[in-house]
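Colleague: Structure file start-v1.txt (compact mmCIF, C-alpha atoms) right here:
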# COMPACT_ATOMS: atom_id res chain seq x y z
CA MET K 351 0.00 0.00 0.00
CA LEU K 352 2.79 2.42 0.90
CA GLU K 353 4.64 1.76 -2.34
CA LYS K 354 1.46 2.50 -4.30
CA LEU K 355 0.83 5.67 -2.29
CA LEU K 356 4.34 7.02 -2.82
CA ARG K 357 4.02 6.59 -6.60
CA ARG K 358 1.58 9.53 -6.60
CA ARG K 359 2.76 12.99 -7.51
CA VAL K 360 0.49 14.82 -5.03
CA ILE K 361 -0.97 13.53 -1.74
CA PHE K 362 -3.58 15.66 0.05
CA VAL K 363 -4.00 14.77 3.74
CA SER K 364 -7.34 15.83 5.18
CA GLY K 365 -9.90 14.98 7.84
CA LYS K 366 -11.77 16.51 10.72
CA GLY K 367 -9.76 19.11 12.61
CA GLY K 368 -7.83 17.61 15.51
CA THR K 369 -7.37 14.17 13.95
CA GLY K 370 -3.61 14.62 13.57
CA LYS K 371 -3.52 15.25 9.82
CA THR K 372 -0.46 17.51 10.14
CA THR K 373 1.55 14.78 11.85
CA VAL K 374 0.36 12.22 9.30
CA ALA K 375 1.39 14.55 6.44
CA ALA K 376 4.81 15.00 8.05
CA ALA K 377 5.13 11.23 8.50
CA LEU K 378 4.33 10.61 4.82
CA ALA K 379 6.91 13.22 3.80
CA LEU K 380 9.52 11.45 5.96
CA LEU K 381 8.63 8.07 4.44
CA ALA K 382 8.88 9.49 0.90
CA ALA K 383 12.27 11.04 1.63
CA ARG K 384 13.45 7.75 3.14
CA ASN K 385 12.52 6.13 -0.18
CA GLY K 386 14.83 8.51 -2.03
CA LYS K 387 12.24 11.01 -3.23
CA ARG K 388 12.62 14.78 -3.35
CA VAL K 389 9.65 15.95 -1.29
CA LEU K 390 7.80 19.24 -1.07
CA ALA K 391 5.66 19.49 2.09
CA VAL K 392 2.93 22.12 1.71
CA ASP K 393 1.06 23.70 4.62
CA VAL K 394 -2.25 25.05 3.31
CA ASP K 395 -3.13 26.93 6.51
CA ALA K 396 0.25 28.72 6.60
CA LYS K 397 0.44 28.37 10.39
CA GLY K 398 3.81 26.68 10.35
CA ASP K 399 2.49 23.53 12.01
CA LEU K 400 3.72 21.23 9.24
CA ALA K 401 7.20 22.74 9.31
CA ALA K 402 7.27 22.29 13.10
CA ALA K 403 6.23 18.64 12.71
CA LEU K 404 9.25 18.29 10.43
CA GLY K 405 11.62 19.85 12.94
CA SER K 406 11.73 23.39 11.55
CA ARG K 407 10.80 26.67 13.20
CA GLY K 408 8.61 27.77 10.32
CA ALA K 409 8.16 28.01 6.57
CA GLY K 410 7.56 30.81 4.12
CA PHE K 411 6.07 31.04 0.67
CA LYS K 412 9.32 29.93 -0.94
CA PRO K 413 10.40 26.29 -0.38
CA GLN K 414 12.91 25.87 2.42
CA ILE K 415 14.86 22.72 3.26
CA VAL K 416 13.62 21.32 6.60
CA GLN K 417 15.00 17.76 6.47
CA PRO K 418 17.27 15.87 4.09
CA GLY K 419 15.25 15.45 0.91
CA ILE K 420 12.32 17.52 2.23
CA SER K 421 11.51 21.16 1.56
CA SER K 422 8.51 22.96 3.01
CA LEU K 423 6.41 25.95 2.10
CA ALA K 424 3.36 27.65 3.60
CA LEU K 425 0.63 28.78 1.20
CA GLN K 426 -0.32 32.45 1.28
CA PRO K 427 -3.06 33.54 -1.15
CA GLN K 428 -1.67 37.04 -1.64
CA GLU K 429 1.77 35.69 -2.52
CA SER K 430 0.24 33.07 -4.83
CA PHE K 431 -1.70 35.74 -6.68
CA GLN K 432 1.33 38.02 -7.02
CA GLU K 433 3.39 35.08 -8.30
CA TYR K 434 0.68 34.17 -10.83
CA LEU K 435 0.49 37.74 -12.16
CA ASN K 436 4.26 37.97 -12.41
CA ILE K 437 4.77 34.63 -14.20
CA TYR K 438 1.92 34.76 -16.70
CA PHE K 439 1.24 38.48 -17.17
CA LYS K 440 4.65 39.97 -16.23
CA VAL K 441 3.02 42.19 -13.60
CA PRO K 442 5.75 43.28 -11.16
CA ARG K 443 5.33 42.83 -7.43
CA LEU K 444 3.41 45.76 -5.96
CA ALA K 445 3.95 47.66 -2.77
CA ARG K 446 1.48 46.51 -0.14
CA LEU K 447 -0.03 49.97 0.38
CA THR K 448 -0.86 50.88 -3.22
CA PRO K 449 -4.56 50.93 -4.20
CA LEU K 450 -4.01 48.27 -6.88
CA ALA K 451 -2.31 45.98 -4.35
CA ARG K 452 -5.32 46.31 -2.06
CA VAL K 453 -7.60 45.28 -4.95
CA PHE K 454 -5.40 42.22 -5.57
CA ASP K 455 -5.48 41.37 -1.86
CA PHE K 456 -9.28 41.47 -1.90
CA ILE K 457 -9.40 39.09 -4.89
CA ALA K 458 -6.85 36.76 -3.30
CA THR K 459 -8.35 36.61 0.18
CA GLY K 460 -11.92 37.89 0.06
CA VAL K 461 -13.50 36.01 -2.84
CA PRO K 462 -13.96 32.28 -2.06
CA GLY K 463 -13.64 30.83 -5.58
CA PRO K 464 -10.39 32.54 -6.62
CA ARG K 465 -8.93 32.00 -3.14
CA ASP K 466 -9.54 28.25 -3.36
CA MET K 467 -8.16 28.23 -6.89
CA LEU K 468 -4.96 29.92 -5.71
CA VAL K 469 -4.44 27.10 -3.21
CA VAL K 470 -4.63 24.26 -5.73
CA GLY K 471 -3.07 26.40 -8.46
CA LYS K 472 0.15 26.89 -6.50
CA ILE K 473 0.35 23.16 -5.77
CA ALA K 474 -0.24 22.36 -9.45
CA TYR K 475 2.42 24.90 -10.43
CA GLU K 476 4.96 23.23 -8.13
CA GLU K 477 4.03 19.80 -9.53
CA ARG K 478 4.62 21.11 -13.04
CA ARG K 479 7.99 22.73 -12.36
CA ARG K 480 10.92 21.15 -14.17
CA GLN K 481 14.68 21.40 -13.95
CA ALA K 482 16.91 22.24 -16.92
CA ASN K 483 17.12 18.53 -17.76
CA SER K 484 13.27 18.32 -17.80
CA ARG K 485 13.24 16.28 -14.60
CA PRO K 486 10.55 17.36 -12.09
CA VAL K 487 11.80 19.60 -9.30
CA TRP K 488 9.77 17.48 -6.84
CA ASP K 489 9.19 13.75 -6.99
CA ILE K 490 6.21 14.02 -4.66
CA ILE K 491 4.22 16.80 -2.98
CA VAL K 492 2.58 16.09 0.39
CA VAL K 493 -0.10 18.61 1.33
CA ASP K 494 -1.37 19.25 4.85
CA ALA K 495 -4.71 20.19 3.35
CA ALA K 496 -7.72 22.04 4.73
CA PRO K 497 -10.00 20.10 7.11
CA SER K 498 -12.91 18.04 5.82
CA GLY K 499 -15.31 20.98 5.82
CA GLN K 500 -13.17 22.97 3.34
CA VAL K 501 -11.02 20.57 1.35
CA VAL K 502 -13.74 19.64 -1.16
CA SER K 503 -14.19 23.29 -2.18
CA HIS K 504 -10.41 23.54 -2.70
CA LEU K 505 -10.29 20.43 -4.87
CA THR K 506 -13.32 21.45 -6.94
CA ALA K 507 -12.22 25.09 -7.36
CA ALA K 508 -10.72 24.58 -10.81
CA ARG K 509 -13.80 22.83 -12.16
CA SER K 510 -16.06 25.50 -10.69
CA LEU K 511 -13.96 28.24 -12.28
CA LEU K 512 -14.24 26.54 -15.67
CA THR K 513 -17.95 27.33 -15.64
CA LEU K 514 -17.12 31.05 -15.39
CA VAL K 515 -14.26 31.44 -17.86
CA LYS K 516 -14.79 30.57 -21.52
CA GLY K 517 -11.67 30.35 -23.66
CA GLY K 518 -8.32 32.09 -23.49
CA MET K 519 -5.14 31.47 -21.53
CA ILE K 520 -6.88 31.37 -18.15
CA THR K 521 -9.15 28.54 -19.30
CA ALA K 522 -6.16 26.48 -20.44
CA GLN K 523 -4.42 27.03 -17.10
CA VAL K 524 -7.48 26.10 -15.07
CA GLN K 525 -7.97 22.98 -17.19
CA TRP K 526 -4.53 21.55 -16.46
CA VAL K 527 -5.01 22.22 -12.74
CA ASP K 528 -8.33 20.36 -12.83
CA GLN K 529 -6.74 17.53 -14.81
CA LEU K 530 -4.03 17.12 -12.17
CA ILE K 531 -6.52 17.06 -9.30
CA ARG K 532 -8.71 14.43 -10.96
CA ASP K 533 -5.89 12.28 -12.35
CA HIS K 534 -6.01 9.18 -10.12
CA ALA K 535 -2.53 8.14 -11.23
CA ARG K 536 -0.97 11.39 -10.01
CA THR K 537 -3.17 12.74 -7.23
CA THR K 538 -4.81 11.16 -4.21
CA VAL K 539 -6.21 11.94 -0.77
CA VAL K 540 -5.35 10.33 2.56
CA ILE K 541 -8.14 10.78 5.12
CA CYS K 542 -7.41 11.03 8.85
CA ALA K 543 -9.84 9.96 11.57
CA LEU K 544 -9.99 9.20 15.28
CA ALA K 545 -11.87 6.34 16.92
CA GLN K 546 -14.64 8.74 17.96
CA GLU K 547 -18.17 9.23 16.66
CA MET K 548 -17.85 12.53 14.78
CA PRO K 549 -14.40 11.97 13.21
CA VAL K 550 -15.54 8.55 11.94
CA ILE K 551 -18.77 9.96 10.49
CA GLU K 552 -16.92 12.88 8.86
CA ALA K 553 -14.31 10.54 7.38
CA ILE K 554 -17.00 8.37 5.78
CA GLU K 555 -18.84 11.42 4.46
CA LEU K 556 -15.61 12.99 3.17
CA ASP K 557 -14.70 9.82 1.28
CA ALA K 558 -18.10 9.88 -0.46
CA ARG K 559 -17.94 13.62 -1.26
CA LEU K 560 -14.40 13.44 -2.65
CA ARG K 561 -15.43 10.73 -5.08
CA ALA K 562 -18.84 12.15 -6.05
CA GLU K 563 -18.18 15.90 -6.07
CA ALA K 564 -14.46 16.25 -6.71
CA GLY K 565 -13.75 13.07 -8.66
CA VAL K 566 -10.60 12.63 -6.61
CA ALA K 567 -8.95 9.32 -5.73
CA VAL K 568 -8.80 8.27 -2.06
CA ASP K 569 -6.07 5.72 -1.33
CA CYS K 570 -6.48 5.05 2.39
CA CYS K 571 -7.62 6.31 5.78
CA VAL K 572 -5.38 6.65 8.82
CA LEU K 573 -7.17 5.78 12.07
CA ASN K 574 -5.03 7.78 14.44
CA ARG K 575 -4.29 7.70 18.19
CA LEU K 576 -5.58 4.23 18.95
CA ILE K 577 -5.20 2.79 22.44
CA PRO K 578 -2.77 -0.08 21.78
CA MET K 579 -3.18 -1.83 25.13
CA HIS K 580 -5.46 -4.87 25.15
CA VAL K 581 -6.58 -5.76 28.68
CA THR K 582 -7.52 -9.39 29.20
CA PRO K 583 -10.34 -10.53 31.54
CA ALA K 584 -7.74 -12.31 33.68
CA GLN K 585 -5.78 -9.08 34.15
CA LEU K 586 -8.93 -7.27 35.25
CA ARG K 587 -9.80 -10.03 37.72
CA VAL K 588 -6.33 -9.84 39.28
CA ALA K 589 -6.49 -6.06 39.53
CA ARG K 590 -9.95 -6.13 41.13
CA ALA K 591 -8.84 -8.85 43.54
CA MET K 592 -5.99 -6.64 44.71
CA SER K 593 -8.53 -3.98 45.59
CA ASP K 594 -10.56 -6.32 47.82
CA ASP K 595 -10.46 -5.52 51.50
CA ALA K 596 -8.84 -8.85 52.26
CA HIS K 597 -5.77 -8.01 50.22
CA ALA K 598 -5.80 -4.19 50.17
CA SER K 599 -3.55 -3.65 53.18
CA ARG K 600 -0.79 -5.97 51.93
CA VAL K 601 -1.01 -4.61 48.38
CA ARG K 602 -0.86 -1.05 49.71
CA GLU K 603 2.41 -1.86 51.46
CA ARG K 604 3.94 -3.35 48.30
CA LEU K 605 2.73 -0.56 46.00
CA GLY K 606 3.30 2.30 48.41
CA GLY K 607 -0.31 3.39 47.98
CA PRO K 608 -3.86 2.10 47.43
CA PRO K 609 -4.35 -0.30 44.47
CA GLN K 610 -7.61 1.31 43.27
CA PRO K 611 -5.89 3.67 40.74
CA LEU K 612 -4.25 0.65 39.10
CA THR K 613 -7.60 -1.10 38.80
CA LEU K 614 -9.26 2.05 37.45
CA ALA K 615 -6.48 2.51 34.87
CA LEU K 616 -6.94 -1.04 33.56
CA GLU K 617 -10.72 -0.69 33.45
CA THR K 618 -10.39 2.61 31.55
CA ALA K 619 -7.90 1.10 29.11
CA ALA K 620 -10.25 -1.84 28.52
CA GLU K 621 -13.20 0.49 27.82
CA LEU K 622 -11.16 2.68 25.46
CA ASN K 623 -9.85 -0.36 23.63
CA GLN K 624 -13.38 -1.69 23.14
CA THR K 625 -14.56 1.73 21.91
CA ASP K 626 -11.63 1.96 19.49
CA SER K 627 -12.42 -1.49 18.12
CA ALA K 628 -16.10 -0.65 17.60
CA ARG K 629 -15.36 2.67 15.88
CA GLY K 630 -12.69 0.99 13.78
CA ARG K 631 -15.23 -1.55 12.54
CA GLN K 632 -17.70 1.25 11.77
CA LEU K 633 -15.04 3.10 9.77
CA ARG K 634 -13.98 0.04 7.80
CA GLU K 635 -17.60 -0.82 6.98
CA GLY K 636 -18.29 2.73 5.78
CA LEU K 637 -15.19 3.17 3.59
CA ARG K 638 -14.10 1.54 0.37
CA VAL K 639 -10.38 1.99 1.09
CA PRO K 640 -7.92 0.35 3.50
CA VAL K 641 -7.68 1.71 7.04
CA ILE K 642 -4.25 2.08 8.64
CA ASP K 643 -4.17 1.86 12.45
CA VAL K 644 -1.74 4.23 14.19
CA PRO K 645 -1.29 3.95 17.98
CA LEU K 646 -1.57 6.85 20.40
CA VAL K 647 1.62 8.86 20.94
CA VAL K 648 1.38 10.90 24.14
CA ALA K 649 3.43 13.94 23.15
CA ARG K 650 3.10 17.29 21.43
CA SER K 651 3.50 17.37 17.66
CA SER K 652 7.20 17.34 16.81
CA LEU K 653 9.72 15.70 14.53
CA ALA K 654 10.10 12.84 17.02
CA VAL K 655 6.34 12.17 17.00
CA SER K 656 6.25 12.37 13.18
CA ARG K 657 8.98 9.75 13.04
CA VAL K 658 7.08 7.44 15.39
CA VAL K 659 3.92 7.81 13.26
CA ALA K 660 5.98 7.20 10.10
CA GLU K 661 7.27 3.94 11.59
CA ALA K 662 3.72 2.90 12.53
CA ILE K 663 2.44 3.59 8.99
CA ASP K 664 5.43 1.79 7.46
CA GLU K 665 4.87 -1.24 9.68
CA ALA K 666 1.10 -1.30 9.08
CA THR K 667 1.51 -1.10 5.29
CA GLY K 668 4.60 -3.31 4.93
Is it possible to give me this structure as structure tokens?

Modeller:
Amino acid sequence: MLEKLLRRRVIFVSGKGGTGKTTVAAALALLAARNGKRVLAVDVDAKGDLAAALGSRGAGFKPQIVQPGISSLALQPQESFQEYLNIYFKVPRLARLTPLARVFDFIATGVPGPRDMLVVGKIAYEERRRQANSRPVWDIIVVDAAPSGQVVSHLTAARSLLTLVKGGMITAQVQWVDQLIRDHARTTVVICALAQEMPVIEAIELDARLRAEAGVAVDCCVLNRLIPMHVTPAQLRVARAMSDDAHASRVRERLGGPPQPLTLALETAAELNQTDSARGRQLREGLRVPVIDVPLVVARSSLAVSRVVAEAIDEATG
């Protein structure tokens, strides 16, 4: 599965907010680089979270090397629009305070359709870039995309714009962006979910919308932050027996405290594990793609966490 995934040119990682899509995107970038690919990691929200998950302090609009084989950039609509005008219409960069610059800023940030188009347009431009020897600048682009509520509008922006523009250079440009997005051999989406009711429901709905509305391929779903501990009935019986009055005093002496917290921890782990299993079954029944289980990592997003998640994905797909 991983080999198939890394043959894509562009991977969008999306899902309900808070499902760990940034860490998953960073993990996929690390796996691609490990496989000898030149990787561009793109942060759509431009908050710098993806760069941080790759061990960098931040990223700008221009690609910056953050790890061996990995460069990162943060999308900024104003910069994308200025770049577009400069490349295709030879319009020089404008001072931020000029009236014309303020008009451009409004188009880039205030109008939903063009703003969404600038997001996918920049990604398509980077995918199309070539070196002097005609080799692609990037072997693969991993995108920390917008959450499930917004990503469909991003991926359908080019097709929507085609209904407004008829002929000319802009039409041709929008067409090749739309062709990239809907080319299942080059572009795909990885959905992220948690073993909770709403993330599972949103993942199933997102999978259906991506196929029906955007015509985009979905390769897999990452079920993130699973409780890996399986508590057996025998372990629970032993823990509960230690909490009985007949044994509590001796156990307290050995543990240096009451045994009830140990029993409660095992009971909680057992309940969480059962919940994870049930939600996992619901997710697998509702999707038409493989689901990759990734265990819970109790730490803030960082390069170390991204590496642990990368190992989990590699092991699960090996």

Colleague: Calculate how many Å separate CA of Leu646 in chain K from CA of Leu576 in chain K, rounding to one decimal.

Modeller: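 If I compute the distance from CA of Leu646 in chain K to CA of Leu576 in chain K, I get 5.0 Å.
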
Colleague: Go through K:Leu573, K:Leu612, K:Ile491, K:Met467 one by one, measure the shortest atom-to-atom distance of each to Leu380 in chain K using only C-alpha atoms, and give the residue with the smallest value.

Modeller: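 Of the candidates, the smallest distance to Leu380 in chain K is held by K:Ile491.
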
Colleague: Any idea what's packed within 8 Å of range 408-415 of chain K, counting only C-alpha atoms, ignoring anything in its chain fewer than 5 positions away? Could you give it as a CSV table (one decimal) with C-alpha atoms, keeping the file's coordinate frame?

Modeller:
chain,number,residue,atom,x,y,z
K,390,LEU,CA,7.8,19.2,-1.1
K,396,ALA,CA,0.2,28.7,6.6
K,398,GLY,CA,3.8,26.7,10.4
K,399,ASP,CA,2.5,23.5,12.0
K,401,ALA,CA,7.2,22.7,9.3
K,402,ALA,CA,7.3,22.3,13.1
K,420,ILE,CA,12.3,17.5,2.2
K,421,SER,CA,11.5,21.2,1.6
K,422,SER,CA,8.5,23.0,3.0
K,423,LEU,CA,6.4,26.0,2.1
K,424,ALA,CA,3.4,27.6,3.6
K,425,LEU,CA,0.6,28.8,1.2
K,426,GLN,CA,-0.3,32.4,1.3
K,429,GLU,CA,1.8,35.7,-2.5

Colleague: For each of K:Asn574, K:Leu637, K:Gln481, K:Ile473, take the minimum atom-to-atom distance to Ile663 in chain K, counting only C-alpha atoms, then give the residue where this is smallest.

Modeller: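 Closest residue, counting only C-alpha atoms: K:Asn574.
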
Colleague: Find the residue from K:Ala628, K:Val493, K:Ile642, K:Val601 that sits nearest to Thr537 in chain K; use only C-alpha atoms when measuring.

Modeller: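 Of K:Ala628, K:Val493, K:Ile642, K:Val601, the one nearest Thr537 in chain K is K:Val493, counting only C-alpha atoms.
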
Colleague: Would you compute an axis-aligned box for range 503-510 of chain K, covering every atom listed for it in the file with 5 Å of margin on each side, and report centre and edge lengths in Å to one decimal as lines of an AutoDock Vina configuration file?

Modeller:
center_x = -13.2
center_y = 23.0
center_z = -7.2
size_x = 15.8
size_y = 15.1
size_z = 20.0

Colleague: Neighbouring residues of range 554-566 of chain K were defined as those with any atom within 7 Å, considering all atoms listed in the file; residues of the same chain fewer than 2 positions away were excluded. Please report them as a PyMOL selection string.

Modeller: chain K and resi 498+502+505-506+531-532+534+538+550-552+568+633+636-637

Colleague: Between CA of Arg357 in chain K and CA of Ala535 in chain K, measure the distance and give it in Å to one decimal.

Modeller: 8.2 Å

Colleague: Using Å and a single decimal, report how far CA of Ala379 in chain K sits from CA of Gly365 in chain K.

Modeller: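 Interatomic distance, CA of Gly365 in chain K to CA of Ala379 in chain K: 17.4 Å.
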
Colleague: Would you kindly return, as a PyMOL selection string, each protein, DNA or RNA residue with an atom no farther than 12 Å from any atom of Ser652 in chain K, considering only C-alpha atoms and excluding same-chain residues fewer than 6 positions away?

Modeller: chain K and resi 370+372-374+376-377+398-407+658-659

Colleague: From the set K:Leu605, K:Val648, K:Leu622, K:Asp643, which residue has the shortest atom-to-atom contact distance to Glu665 in chain K, counting all atoms listed in the file?

Modeller: K:Asp643

Colleague: Out of K:Ala495, K:Gly368, K:Glu477, K:Val360, which residue has the shortest atom-to-atom distance to Val394 in chain K when counting all atoms listed in the file?

Modeller: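 Smallest distance to Val394 in chain K is found for K:Ala495.
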
Colleague: Residues at most 12 Å from Met351 in chain K, counting all atoms listed in the file, excluding those fewer than 4 positions away in the same chain, as a ChimeraX atom specification?

Modeller: /K:355-358,540,569-571,639-642,663-668

Colleague: Any idea what's packed within 7 Å of Val470 in chain K, counting all atoms listed in the file, ignoring anything in its chain fewer than 4 positions away? Could you give it as number ranges by chain?

Modeller: K: 466, 474, 504-505

Colleague: Counting all atoms listed in the file, which residues come within 12 Å of (18.3, 9.4, 9.5), with the point read in the file's coordinates, and could you list them as a short mmCIF file (atom, residue, chain, number, x, y, z; two decimals) with C-alpha atoms, keeping the file's coordinate frame?

Modeller:
data_model
loop_
_atom_site.label_atom_id
_atom_site.label_comp_id
_atom_site.auth_asym_id
_atom_site.auth_seq_id
_atom_site.Cartn_x
_atom_site.Cartn_y
_atom_site.Cartn_z
CA LEU K 380 9.52 11.45 5.96
CA LEU K 381 8.63 8.07 4.44
CA ALA K 383 12.27 11.04 1.63
CA ARG K 384 13.45 7.75 3.14
CA ASN K 385 12.52 6.13 -0.18
CA GLN K 417 15.00 17.76 6.47
CA PRO K 418 17.27 15.87 4.09
CA GLY K 419 15.25 15.45 0.91
CA LEU K 653 9.72 15.70 14.53
CA ALA K 654 10.10 12.84 17.02
CA ARG K 657 8.98 9.75 13.04
#
